[in-house]
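Shown next: input08.cif, given as mmCIF, C-alpha atoms and all ligand atoms.
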```
data_input
loop_
_atom_site.label_atom_id
_atom_site.label_comp_id
_atom_site.auth_asym_id
_atom_site.auth_seq_id
_atom_site.Cartn_x
_atom_site.Cartn_y
_atom_site.Cartn_z
CA MET E 4 105.96 142.55 87.77
CA SER E 5 102.55 142.98 86.20
CA SER E 6 99.31 144.83 86.50
CA SER E 7 95.81 144.66 85.12
CA ALA E 8 95.85 144.84 81.34
CA THR E 9 95.06 148.17 79.73
CA ALA E 10 95.47 149.18 76.12
CA ARG E 11 98.69 150.93 77.00
CA ASP E 12 100.34 148.18 78.99
CA ILE E 13 103.97 147.57 78.08
CA HIS E 14 104.96 144.02 77.24
CA LEU E 15 108.65 143.91 77.87
CA ALA E 16 111.09 141.20 76.85
CA VAL E 17 113.91 140.99 79.38
CA VAL E 18 117.28 139.54 78.43
CA ALA E 19 119.37 139.96 81.58
CA GLY E 20 122.20 137.94 80.04
CA ASP E 21 125.57 137.35 81.64
CA GLY E 22 127.81 138.71 84.39
CA ILE E 23 126.64 142.03 85.76
CA GLY E 24 123.78 141.99 83.23
CA THR E 25 121.50 140.26 85.73
CA GLU E 26 122.49 142.64 88.51
CA VAL E 27 121.88 145.86 86.63
CA VAL E 28 118.68 144.72 84.91
CA GLU E 29 117.11 143.94 88.28
CA GLN E 30 117.65 147.56 89.27
CA GLY E 31 116.46 148.86 85.91
CA LEU E 32 113.19 147.00 86.35
CA LEU E 33 112.81 148.36 89.88
CA VAL E 34 113.10 151.90 88.57
CA LEU E 35 110.77 151.15 85.65
CA ASP E 36 108.13 149.97 88.10
CA ALA E 37 108.56 153.13 90.16
CA ALA E 38 108.31 155.32 87.06
CA LEU E 39 105.05 153.73 85.95
CA ALA E 40 103.42 153.52 89.39
CA GLY E 41 100.19 155.49 89.37
CA SER E 42 100.48 156.30 85.66
CA GLY E 43 97.77 153.90 84.53
CA VAL E 44 100.36 152.14 82.39
CA GLY E 45 101.15 148.62 83.49
CA VAL E 46 104.11 146.51 82.55
CA SER E 47 104.38 142.77 82.08
CA THR E 48 107.74 141.13 81.57
CA THR E 49 108.90 137.95 79.89
CA ASP E 50 112.32 136.72 80.96
CA PHE E 51 114.40 135.15 78.21
CA ASP E 52 117.05 132.79 79.50
CA LEU E 53 119.73 133.62 76.96
CA GLY E 54 123.47 133.75 77.43
CA ALA E 55 126.23 131.56 78.83
CA ARG E 56 124.06 129.39 81.10
CA ARG E 57 121.73 128.47 78.25
CA TRP E 58 124.61 127.86 75.83
CA HIS E 59 126.34 125.49 78.24
CA ALA E 60 123.08 123.64 78.89
CA THR E 61 121.80 123.35 75.32
CA GLY E 62 124.39 124.67 72.89
CA GLU E 63 121.84 127.29 71.77
CA THR E 64 122.42 131.00 71.55
CA LEU E 65 119.24 132.46 70.05
CA THR E 66 116.76 130.22 68.26
CA ASP E 67 114.07 131.19 65.76
CA THR E 68 111.52 130.34 68.44
CA ASP E 69 113.20 132.78 70.84
CA LEU E 70 113.21 135.46 68.17
CA ASP E 71 109.55 134.91 67.30
CA ALA E 72 108.63 135.19 70.98
CA ILE E 73 110.73 138.34 71.45
CA ARG E 74 109.11 139.94 68.42
CA THR E 75 105.71 139.90 70.13
CA HIS E 76 106.89 142.40 72.76
CA ASP E 77 106.83 146.19 72.73
CA ALA E 78 110.49 146.56 73.66
CA ILE E 79 113.48 144.67 75.00
CA LEU E 80 115.59 145.45 78.05
CA LEU E 81 118.99 143.79 77.84
CA GLY E 82 121.73 143.65 80.47
CA ALA E 83 124.91 142.34 78.89
CA ILE E 84 126.09 139.35 76.89
CA GLY E 85 129.43 137.54 77.06
CA ASP E 86 131.22 135.26 79.47
CA PRO E 87 134.82 134.02 79.77
CA SER E 88 133.55 130.40 79.89
CA VAL E 89 132.24 130.68 76.34
CA PRO E 90 134.56 131.07 73.33
CA SER E 91 134.86 134.74 72.45
CA GLY E 92 132.36 135.75 69.80
CA VAL E 93 129.91 132.89 70.22
CA LEU E 94 127.45 134.83 72.35
CA GLU E 95 128.40 138.28 71.11
CA ARG E 96 127.75 137.32 67.50
CA GLY E 97 125.22 134.52 67.93
CA LEU E 98 123.03 136.33 70.41
CA LEU E 99 123.66 140.05 70.81
CA LEU E 100 124.43 140.95 67.21
CA LYS E 101 121.86 138.45 65.96
CA LEU E 102 119.19 140.31 67.94
CA ARG E 103 120.31 143.66 66.56
CA PHE E 104 120.44 142.40 62.99
CA ALA E 105 117.28 140.28 63.03
CA LEU E 106 115.24 143.07 64.59
CA ASP E 107 116.73 145.65 62.22
CA HIS E 108 118.15 147.91 64.92
CA TYR E 109 119.86 150.13 62.42
CA VAL E 110 120.07 153.15 64.74
CA ASN E 111 122.29 152.53 67.74
CA LEU E 112 121.75 155.67 69.75
CA ARG E 113 124.28 156.50 72.42
CA PRO E 114 124.06 159.79 74.31
CA GLY E 115 127.28 161.33 75.60
CA LYS E 116 126.20 163.66 78.37
CA LEU E 117 128.14 165.00 81.31
CA PHE E 118 125.62 165.44 84.10
CA PRO E 119 126.16 168.34 86.53
CA GLY E 120 128.35 167.34 89.45
CA VAL E 121 129.83 164.30 87.71
CA ALA E 122 133.60 164.15 87.71
CA SER E 123 135.16 163.89 84.27
CA PRO E 124 138.81 162.93 83.81
CA LEU E 125 139.05 166.01 81.60
CA ALA E 126 140.34 169.16 83.27
CA HIS E 127 137.98 171.44 81.33
CA PRO E 128 135.25 169.32 79.80
CA GLY E 129 132.88 172.20 79.06
CA ASP E 130 129.23 171.54 78.28
CA VAL E 131 129.27 167.98 77.00
CA ASP E 132 125.93 166.92 75.53
CA PHE E 133 126.10 165.03 72.27
CA VAL E 134 124.61 161.92 70.82
CA VAL E 135 126.27 159.25 68.72
CA VAL E 136 124.15 157.68 65.99
CA ARG E 137 126.04 154.47 65.34
CA GLU E 138 124.95 152.31 62.42
CA GLY E 139 123.79 149.04 63.94
CA THR E 140 123.33 146.44 61.23
CA GLU E 141 126.32 146.68 58.88
CA GLY E 142 130.04 147.38 58.91
CA PRO E 143 132.64 144.80 59.92
CA TYR E 144 130.22 143.22 62.42
CA VAL E 145 128.11 141.41 59.82
CA GLY E 146 130.30 138.31 59.79
CA ASN E 147 131.44 138.64 56.20
CA GLY E 148 134.88 137.16 56.30
CA GLY E 149 136.90 134.10 56.97
CA ALA E 150 140.33 132.73 57.59
CA ILE E 151 142.55 130.30 55.80
CA ARG E 152 145.62 128.37 56.93
CA VAL E 153 144.49 129.04 60.51
CA GLY E 154 147.19 128.60 63.11
CA THR E 155 149.98 128.53 60.59
CA PRO E 156 152.50 131.28 59.90
CA HIS E 157 150.64 131.78 56.62
CA GLU E 158 147.24 132.47 58.10
CA VAL E 159 145.12 135.07 56.33
CA ALA E 160 142.09 136.45 58.17
CA ASN E 161 139.54 138.76 56.59
CA GLU E 162 136.72 140.68 58.22
CA VAL E 163 134.88 142.59 55.52
CA SER E 164 133.10 145.84 56.34
CA VAL E 165 129.78 145.86 54.52
CA ASN E 166 128.30 149.28 53.77
CA THR E 167 125.23 149.45 51.56
CA ALA E 168 123.75 152.61 50.06
CA PHE E 169 120.43 151.55 51.60
CA GLY E 170 121.92 151.00 55.04
CA VAL E 171 124.03 154.14 55.09
CA GLU E 172 121.30 156.40 53.77
CA ARG E 173 118.68 155.35 56.32
CA VAL E 174 120.94 155.87 59.32
CA VAL E 175 122.30 159.15 57.95
CA ARG E 176 118.75 160.42 57.42
CA ASP E 177 117.87 159.48 61.00
CA ALA E 178 120.96 161.32 62.28
CA PHE E 179 120.07 164.45 60.30
CA ALA E 180 116.53 164.38 61.70
CA ARG E 181 117.94 164.15 65.21
CA ALA E 182 120.36 167.01 64.54
CA ALA E 183 117.58 169.16 63.06
CA ALA E 184 115.54 168.68 66.25
CA ARG E 185 118.36 169.81 68.55
CA PRO E 186 119.21 173.44 69.31
CA ARG E 187 122.68 173.40 67.78
CA LYS E 188 121.68 171.53 64.62
CA LYS E 189 125.12 170.17 63.95
CA LEU E 190 126.09 166.83 62.47
CA THR E 191 129.61 165.41 62.43
CA LEU E 192 130.34 162.50 60.15
CA VAL E 193 133.16 160.37 61.55
CA HIS E 194 134.88 157.93 59.22
CA LYS E 195 138.27 157.37 57.68
CA HIS E 196 137.69 158.19 54.01
CA ASN E 197 141.33 159.07 53.44
CA VAL E 198 142.10 155.36 53.69
CA LEU E 199 138.82 153.45 53.57
CA VAL E 200 137.99 155.04 50.26
CA HIS E 201 135.13 152.77 49.19
CA ALA E 202 133.03 152.85 52.34
CA GLY E 203 134.22 156.31 53.36
CA HIS E 204 133.22 157.93 50.11
CA LEU E 205 129.81 156.26 50.22
CA TRP E 206 129.26 157.74 53.67
CA ARG E 207 130.51 161.18 52.57
CA ARG E 208 128.41 161.29 49.41
CA THR E 209 125.37 160.13 51.35
CA VAL E 210 125.79 162.84 53.98
CA GLU E 211 126.18 165.48 51.26
CA ALA E 212 123.05 164.26 49.47
CA VAL E 213 120.84 163.98 52.55
CA ASN E 214 122.03 167.42 53.77
CA ALA E 215 119.92 168.92 50.98
CA GLU E 216 116.81 167.72 52.85
CA PHE E 217 118.03 169.33 56.09
CA PRO E 218 119.48 172.70 55.02
CA ASP E 219 119.40 174.03 58.62
CA VAL E 220 121.86 171.38 59.76
CA THR E 221 125.55 172.28 59.69
CA VAL E 222 127.76 169.38 58.69
CA ASP E 223 131.35 168.73 59.45
CA TYR E 224 133.64 165.77 59.08
CA LEU E 225 136.42 164.19 61.13
CA HIS E 226 138.59 161.20 60.49
CA VAL E 227 138.05 158.77 63.34
CA ASP E 228 141.57 159.16 64.70
CA ALA E 229 141.18 162.93 64.93
CA ALA E 230 137.72 162.46 66.44
CA THR E 231 139.30 160.69 69.40
CA ILE E 232 141.53 163.73 69.95
CA PHE E 233 138.61 166.16 69.96
CA LEU E 234 136.51 163.93 72.22
CA VAL E 235 139.24 164.42 74.81
CA THR E 236 140.35 168.00 74.11
CA ASN E 237 137.08 169.65 73.10
CA PRO E 238 134.05 167.35 73.47
CA SER E 239 131.63 170.28 73.55
CA ARG E 240 132.22 170.73 69.81
CA PHE E 241 130.03 167.68 69.17
CA ASP E 242 126.25 167.71 68.82
CA VAL E 243 125.25 164.66 66.73
CA ILE E 244 127.88 162.23 65.49
CA VAL E 245 127.00 159.73 62.77
CA THR E 246 129.36 156.87 62.11
CA ASP E 247 129.63 153.20 61.26
CA ASN E 248 129.22 150.20 63.53
CA LEU E 249 132.86 149.70 64.51
CA PHE E 250 133.88 153.33 64.90
CA GLY E 251 130.69 153.99 66.86
CA ASP E 252 131.43 151.11 69.20
CA ILE E 253 134.88 152.45 70.01
CA LEU E 254 133.95 156.13 70.19
CA THR E 255 131.10 155.47 72.60
CA ASP E 256 133.32 153.76 75.16
CA LEU E 257 135.53 156.84 74.96
CA ALA E 258 132.46 159.05 75.24
CA ALA E 259 131.48 157.12 78.36
CA ALA E 260 134.93 157.57 79.86
CA ILE E 261 134.85 161.36 79.51
CA THR E 262 131.32 161.68 80.90
CA GLY E 263 131.76 159.88 84.19
CA GLY E 264 132.48 156.32 83.23
CA ILE E 265 131.05 153.28 81.54
CA GLY E 266 128.65 152.70 84.42
CA LEU E 267 126.67 155.75 83.33
CA ALA E 268 126.48 155.20 79.55
CA ALA E 269 123.07 154.28 78.13
CA SER E 270 122.07 153.09 74.70
CA ALA E 271 119.11 152.32 72.50
CA ASN E 272 119.09 149.93 69.55
CA ILE E 273 116.25 151.40 67.58
CA ASN E 274 114.18 150.05 64.74
CA PRO E 275 112.81 153.43 63.59
CA ASP E 276 110.29 151.79 61.25
CA ARG E 277 108.84 149.91 64.22
CA THR E 278 108.71 146.63 62.32
CA ALA E 279 110.18 144.93 65.40
CA PRO E 280 110.77 145.87 69.04
CA SER E 281 113.65 148.18 69.84
CA MET E 282 116.20 147.15 72.44
CA PHE E 283 117.59 149.16 75.34
CA GLU E 284 120.84 148.28 77.07
CA PRO E 285 123.81 149.83 78.82
CA VAL E 286 126.84 150.48 76.61
CA HIS E 287 128.99 148.30 78.84
CA GLY E 288 129.49 144.56 78.72
CA SER E 289 129.16 141.78 81.28
CA ALA E 290 132.21 142.95 83.28
CA PRO E 291 133.41 139.53 84.48
CA ASP E 292 136.01 141.29 86.66
CA ILE E 293 133.31 142.62 89.00
CA ALA E 294 130.40 140.25 88.35
CA GLY E 295 128.60 138.91 91.40
CA GLN E 296 130.16 141.46 93.74
CA GLY E 297 127.43 144.10 93.81
CA LYS E 298 129.90 146.65 92.48
CA ALA E 299 128.33 147.38 89.09
CA ASP E 300 126.76 150.77 88.67
CA PRO E 301 123.18 150.22 87.42
CA THR E 302 122.83 153.84 86.32
CA ALA E 303 123.57 153.09 82.64
CA THR E 304 120.75 150.57 82.63
CA VAL E 305 118.43 152.97 84.42
CA LEU E 306 119.18 155.67 81.83
CA SER E 307 118.51 153.05 79.14
CA VAL E 308 115.12 152.55 80.77
CA ALA E 309 114.55 156.29 80.31
CA LEU E 310 115.35 155.90 76.60
CA LEU E 311 112.90 152.98 76.48
CA LEU E 312 110.13 155.05 78.06
CA ASP E 313 110.81 157.89 75.62
CA HIS E 314 110.67 155.50 72.69
CA LEU E 315 107.26 154.26 73.86
CA GLY E 316 105.97 157.83 74.10
CA LEU E 317 106.05 157.96 77.91
CA HIS E 318 108.00 161.20 77.98
CA THR E 319 106.94 162.36 81.46
CA GLN E 320 108.05 159.07 82.98
CA ALA E 321 111.29 159.15 80.99
CA LYS E 322 112.06 162.61 82.31
CA ALA E 323 111.30 161.53 85.87
CA VAL E 324 113.88 158.76 85.53
CA GLU E 325 116.49 161.06 84.02
CA ASP E 326 115.83 163.70 86.69
CA ALA E 327 116.25 161.06 89.41
CA VAL E 328 119.57 160.02 87.92
CA ALA E 329 120.70 163.64 87.65
CA ALA E 330 119.84 164.26 91.31
CA ASP E 331 121.57 161.07 92.41
CA LEU E 332 124.69 161.89 90.42
CA ALA E 333 124.78 165.45 91.76
CA GLY E 334 124.92 164.07 95.30
CA ARG E 335 127.59 161.46 94.71
CA GLY E 336 130.58 163.74 95.25
CA SER E 337 129.61 164.28 98.86
CA ALA E 338 128.65 160.64 99.51
CA GLU E 339 130.39 159.04 102.45
CA ARG E 340 130.85 155.67 100.77
CA VAL E 341 130.40 153.84 97.50
CA ARG E 342 126.98 152.18 97.35
CA SER E 343 126.25 148.70 96.08
CA THR E 344 124.38 147.99 92.85
CA ALA E 345 121.19 147.29 94.79
CA GLU E 346 121.53 150.41 96.93
CA VAL E 347 121.90 152.67 93.89
CA GLY E 348 118.87 151.02 92.28
CA LYS E 349 116.82 151.39 95.45
CA ASP E 350 117.81 155.05 95.83
CA LEU E 351 116.95 155.81 92.22
CA ALA E 352 113.58 154.07 92.50
CA ALA E 353 112.84 156.03 95.66
CA ARG E 354 113.69 159.31 93.93
CA VAL E 355 111.46 158.45 90.99
CA ALA E 356 108.62 157.50 93.31
CA GLY E 357 109.10 160.47 95.59
N1 LIG O 401 126.35 144.95 74.91
C1 LIG O 401 126.98 143.92 75.42
O1 LIG O 401 126.37 142.96 75.85
C2 LIG O 401 128.46 143.97 75.45
C3 LIG O 401 129.13 142.81 75.77
N2 LIG O 401 130.48 142.82 75.91
C4 LIG O 401 131.08 141.57 76.37
O2 LIG O 401 131.28 141.68 77.77
C5 LIG O 401 132.43 140.93 78.17
C6 LIG O 401 133.42 141.81 78.92
O3 LIG O 401 133.90 142.80 78.02
P1 LIG O 401 134.88 143.97 78.43
O4 LIG O 401 135.67 144.30 77.23
O5 LIG O 401 135.56 143.64 79.70
O6 LIG O 401 133.93 145.25 78.66
P2 LIG O 401 133.00 145.64 79.87
O7 LIG O 401 132.23 146.84 79.45
O8 LIG O 401 132.22 144.49 80.36
O9 LIG O 401 134.02 146.05 81.05
C7 LIG O 401 135.05 147.03 80.87
C8 LIG O 401 135.44 147.61 82.23
O10 LIG O 401 134.36 148.45 82.69
C9 LIG O 401 133.90 148.01 83.96
N3 LIG O 401 132.44 148.14 84.00
C10 LIG O 401 131.58 147.75 83.03
N4 LIG O 401 130.32 148.01 83.37
C11 LIG O 401 130.38 148.58 84.59
C12 LIG O 401 129.38 149.09 85.49
N5 LIG O 401 128.07 149.05 85.21
N6 LIG O 401 129.79 149.61 86.66
C13 LIG O 401 131.10 149.67 86.97
N7 LIG O 401 132.09 149.22 86.16
C14 LIG O 401 131.73 148.68 84.98
C15 LIG O 401 134.33 146.56 84.07
O11 LIG O 401 134.43 146.16 85.42
C16 LIG O 401 135.64 146.56 83.30
O12 LIG O 401 136.70 146.94 84.14
C17 LIG O 401 132.99 140.34 76.88
O13 LIG O 401 132.45 139.06 76.73
C18 LIG O 401 132.44 141.26 75.80
O14 LIG O 401 132.35 140.65 74.54
C19 LIG O 401 131.21 143.96 75.77
C20 LIG O 401 130.59 145.12 75.44
C21 LIG O 401 129.16 145.21 75.21
C1 LIG O 402 130.18 142.85 72.19
C2 LIG O 402 129.89 143.71 71.00
C3 LIG O 402 129.19 142.88 69.98
C4 LIG O 402 129.03 144.85 71.35
C5 LIG O 402 129.67 146.08 71.88
O1 LIG O 402 130.78 146.18 72.34
C6 LIG O 402 128.81 147.25 71.85
O2 LIG O 402 127.75 147.23 71.22
O3 LIG O 402 129.20 148.27 72.42
MG MG O 403 131.19 148.28 72.89
#
```
I need this file expressed as structure tokens, please.
Amino acid sequence: MSSSATARDIHLAVVAGDGIGTEVVEQGLLVLDAALAGSGVGVSTTDFDLGARRWHATGETLTDTDLDAIRTHDAILLGAIGDPSVPSGVLERGLLLKLRFALDHYVNLRPGKLFPGVASPLAHPGDVDFVVVREGTEGPYVGNGGAIRVGTPHEVANEVSVNTAFGVERVVRDAFARAAARPRKKLTLVHKHNVLVHAGHLWRRTVEAVNAEFPDVTVDYLHVDAATIFLVTNPSRFDVIVTDNLFGDILTDLAAAITGGIGLAASANINPDRTAPSMFEPVHGSAPDIAGQGKADPTATVLSVALLLDHLGLHTQAKAVEDAVAADLAGRGSAERVRSTAEVGKDLAARVAG
């Protein structure tokens, strides 16, 4: 995939990864090509062979050389990372989280939108259209911890959640800016400050302080356990949710479940300061249970491509992709049969082109 070089050409790093990652990324790239056709914007891709295959062959997850090469691109499209043949955590931490941390993806943006015609497991979902701003570089995912007396009855295992004033403030400010730009202008902080008093109070104080800069934004607060209730009983109450890395991870799988399933849930790992490329990927993982069967829904990846186009300022093309997805989803209820991964990708590309 390439075209003659123009000033606006997109240089895309592609990390298809493991399991269904390769299947859904192929379709995402097909739709990206269709979206850019005739626009005057070309795209060139560099494939990065990262994931289980590479680890088995070399023992490497993500080297400094890989990172340096990835940094030269405008954006990254990632499929999924993780494979049952690799010890749990090796690729997730050593590759996926390393990318997010090294490239300072402190805003992990995850829309929760119920498209018209999509079946939700909720009886009365209402108008569900919110966005989760999940902190992407801190929390319990930083690897601050350890275990002693491993494997004995006296084992002690710690996983420390790191929350810095710097890290919390920058993601909270981003979430406020997003809320201020939306019609409802509402921000919900989700944490657990009744128990996690150190981190929770930092988040609460930060939200209160930054609110002064965004007086039009209404703020509310939910403990994370209660937030799971309202996501199921009244998801339309949410507009922008800001939360930490772990809570955001969990809440966004739930958000996916209520808006049509994990196969539809897109995400963007954004470096708002643009000091490194941002990364776009479906919320889901490598789904070993269906990998290689052509069963994966590529729609989450395609919607992540729309987020990528938006991030690069190609708003018309982003909307064309989202509109194609909306039309495809609207027609699914009446479909005679479930389509394969490749068929969905082909249909979406045709809609974008047509
Ligand atoms: N961003 C990433 O790369 C992520 C990686 N992982 C990794 O992926 C591996 C599997 O993790 P799981 O917990 O099973 O989560 P998962 O998201 O891969 O799968 C959960 C369930 O959702 C289904 N599913 C996922 N994507 C789908 C799609 N596009 N279409 C239809 N069904 C889909 C799967 O078949 C499975 O039943 C693990 O190694 C995990 O660490 C998990 C989450 C995110
Ligand atoms: C595998 C994890 C590191 C990532 C994850 O589950 C996510 O970002 O949603
Ligand atoms: Mg997750």
- Task: May I have the residues within 9 Å of ligand LIG 401 (chain O), computed using only C-alpha atoms and all ligand atoms, as a ChimeraX atom specification?
- Result: /E:20-24,27,81-87,89-92,94-95,99-100,252,256,264-268,284-294,298-304,344
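Candidate residues E:Ala40, E:Val220, E:Leu106, E:Ala258 were compared for distance to ligand MG 403 (chain O), and the nearest is E:Ala258, using all atoms listed in the file.
Computed from the coordinates, the atom CA of E:Ala16 to atom CA of E:Ser307 distance equals 14.2 Å.
Taking atom CA of E:Leu254 and atom CA of E:Leu317 as the two end points, the separation is 29.0 Å.
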- Item | Separation of atom CA of E:Leu312 from atom CA of E:His76, in Å and rounded to one decimal | 14.1 Å
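Using all atoms listed in the file for every distance, the candidate list E:Val44, E:Val235, E:Val17, E:Val243 yields E:Val243 as the residue closest to E:Ala184.
Shortest atom-to-atom contact with ligand MG 403 (chain O) among E:Gly334, E:Pro280, E:Gly139, E:Gly41: E:Gly139, counting all atoms listed in the file.
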Coordinates of box centre and edge lengths for stretch 301-320 of chain E, 8 Å on every side, axis-aligned, as lines of an AutoDock Vina configuration file:
```
center_x = 114.8
center_y = 156.3
center_z = 80.1
size_x = 33.6
size_y = 28.1
size_z = 30.7
```
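Residues surrounding stretch 146-152 of chain E within 9 Å are Arg96, Pro156, His157, Glu158, Val159, Ala160, Asn161, Glu162, Val163, Ser164 and Val165 of chain E [all atoms listed in the file; sequence separation below 4 positions excluded].
Across E:Ala178, E:Val305, E:Val171, E:Val227, the tightest approach to E:His196 is made by E:Val227 when counting only C-alpha atoms.
The residue that comes closest to ligand LIG 402 (chain O), out of E:Val153, E:Ala356, E:Met282, E:Val347 and on the basis of only C-alpha atoms and all ligand atoms, is E:Met282.
Around E:Phe179, within 7 Å and counting only C-alpha atoms, the residues found are E:Val175, E:Arg176, E:Ala182, E:Ala183, E:Leu190, E:Phe217, once anything fewer than 3 positions away on its own chain is removed.
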Would you mind exporting the chosen residues as a compact mmCIF listing (two decimals), in the frame of the given file, restricted to C-alpha atoms?
```txt
# COMPACT_ATOMS: atom_id res chain seq x y z
CA VAL E 175 122.30 159.15 57.95
CA ARG E 176 118.75 160.42 57.42
CA ALA E 182 120.36 167.01 64.54
CA ALA E 183 117.58 169.16 63.06
CA LEU E 190 126.09 166.83 62.47
CA PHE E 217 118.03 169.33 56.09
```
- Message: Between E:Ala352, E:Leu311, E:Ile253, E:Leu234, which residue has the minimum interatomic distance to ligand MG 403 (chain O), considering all atoms listed in the file?
- Response: E:Ile253
- Message: Which residues are close to E:Glu138, i.e. within 10 Å by only C-alpha atoms, leaving aside same-chain residues fewer than 3 positions away? Reply as an NGL selection string.
- Response: :E and (108-112 or 135 or 141-142 or 166 or 170-171 or 173-175 or 178 or 245-252 or 272)
- Contacts of E:Asp132 within 7 Å, only C-alpha atoms, excl. fewer than 6 positions in-chain, as a ChimeraX atom specification: /E:115-117,239,242
Using all atoms listed in the file, can you list as a JSON list (two decimals) with C-alpha atoms, keeping the file's coordinate frame the residues within 8 Å of (129.5, 165.6, 63.1)?
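out_15.json, freshly written:
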```json
[["chain", "number", "residue", "atom", "x", "y", "z"],
["E", 189, "LYS", "CA", 125.12, 170.17, 63.95],
["E", 190, "LEU", "CA", 126.09, 166.83, 62.47],
["E", 191, "THR", "CA", 129.61, 165.41, 62.43],
["E", 192, "LEU", "CA", 130.34, 162.50, 60.15],
["E", 193, "VAL", "CA", 133.16, 160.37, 61.55],
["E", 222, "VAL", "CA", 127.76, 169.38, 58.69],
["E", 223, "ASP", "CA", 131.35, 168.73, 59.45],
["E", 224, "TYR", "CA", 133.64, 165.77, 59.08],
["E", 225, "LEU", "CA", 136.42, 164.19, 61.13],
["E", 241, "PHE", "CA", 130.03, 167.68, 69.17],
["E", 242, "ASP", "CA", 126.25, 167.71, 68.82],
["E", 243, "VAL", "CA", 125.25, 164.66, 66.73],
["E", 244, "ILE", "CA", 127.88, 162.23, 65.49],
["E", 245, "VAL", "CA", 127.00, 159.73, 62.77]]
```
